[in-house]
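**Q** The structure follows.
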Amino acid sequence: MIRVTKPEGFGNIVLEEVPIPPVGPQEVRVRSKVSLISRGSEILRRYMHEEAINPAIMGYSLAGVVDAVGSEAAEKFQPGDRVMAVAPHAQYVVQPVDSNIGPRVWPLPDEISFEEATFLPLAKSGVTWAQSPGIRTGHTLVIMGQGLVGNLVLQGARQHLCEQIIVVDAIAKRCQLAREYGADHAIDVTETDPVERVMELTDGRGADIVFECVGGEPGLKSFAQAQEMVSDGGTLHLIGLYHGQPLPLDAGKIQRRRLIGGYYGEDPPEVLLNRTIELMQAGRIRVKPLISHRFPYQEARDAFDLLYARLSEAMGVLLIWEE
């Protein structure tokens, strides 16, 4: 089979031929249809690093069909089942049916396509991050960053009653997409100072909840701005990662405010995943418009290069393993 690897060297994305993995008693093997490239982890944490990356983490999520089932997994899955898997980019992947860090393989209802299913882990996170700070009627929310994570947090937040949702990004297309997904205001930082605009929209009070979803080096400035936007008694929810250096936490600005990091709450992962699937089935979480590019797996390097070099053009980038 073929899998995506990243040997030593910046941006060194390679296709490697390896044996099809065997299946253990508590495992299932999935024949891949589609996989999603996660820009945050795969570009900022893998593509851009000089060292070789373990192939087991070269990927985020995929969807496909169960190909083989271990003897102790037959009660949950059968060959031919449609599933989503948290797994690397490869023609075949093997995952356990039970894991102490949450489901690695999950059955798909017929209403959710293979392409949509690749977004399930990110969508689950977006829905969960949005609910965890306790949105209330009358709250104003700010979401910093409108990449895949920020947009899915926006969609998750739209499941709750609140006064207004303000999004912030540096790419005009993302701002426009956020408006189409229900943002009340979209601030393009190339045209407007986001702190001044948020204060204007909140009559100088600031936002009750700020979701900081900007990863990488731009997140350093965004995190500093987010601290200036949070109202007295408000919450700053830090979601963005891979900044490359310590974030600038201002002790004076965080006083009388709550700072949480990627918090999921107390619900089990299975409950959160089922809730997200129900929202997708009902059309309340929509991921199809987030797909910007599809590449055959043979062009995996081009797909990664696009996400690195031409970010303004890309949102959800898929690798097609089998039509």
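Ordering of the structure tokens sets the chain letters (A, B, ...), residue numbers begin anew at 1 in every chain, and ligands are numbered from 1 in the order given.
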Skipping near chain neighbours, those fewer than 2 positions away, what residues fall within 7 Å of region 11-18 of chain A using only C-alpha atoms, listed as a PyMOL selection string?

**A** chain A and resi 1-9+20+47-48+301

**Q** Taking the DSSP secondary structure from the backbone, can you list the residues of region 123-297 of chain A that are strand (DSSP E or B), as an NGL selection string?

**A** :A and (140-144 or 164-169 or 185-188 or 207-212 or 230-238 or 258-261 or 291-296)

**Q** Sorted by chain and rising residue number, which residues of region 86-117 of chain A lie within 8 Å of region 313-321 of chain A, and what are their closest atom pairs and distances in Å to one decimal, counting only C-alpha atoms, as JSON lines?

**A**
{"residue": "A:Ala90", "atom": "CA", "partner": "A:Trp321", "partner_atom": "CA", "distance": 7.9}
{"residue": "A:Gln91", "atom": "CA", "partner": "A:Trp321", "partner_atom": "CA", "distance": 6.4}
{"residue": "A:Glu115", "atom": "CA", "partner": "A:Leu318", "partner_atom": "CA", "distance": 7.8}

**Q** Find the residues around Gly240 (chain A) up to 7 Å (only C-alpha atoms counted), leave out those fewer than 5 positions away in its own chain, and share them as a ChimeraX atom specification.

**A** /A:212-215

**Q** Between CA of Pro269 (chain A) and CA of Gly70 (chain A), what is the spacing in Å?

**A**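 One can read the CA of Gly70 (chain A) to CA of Pro269 (chain A) distance as 23.1 Å.
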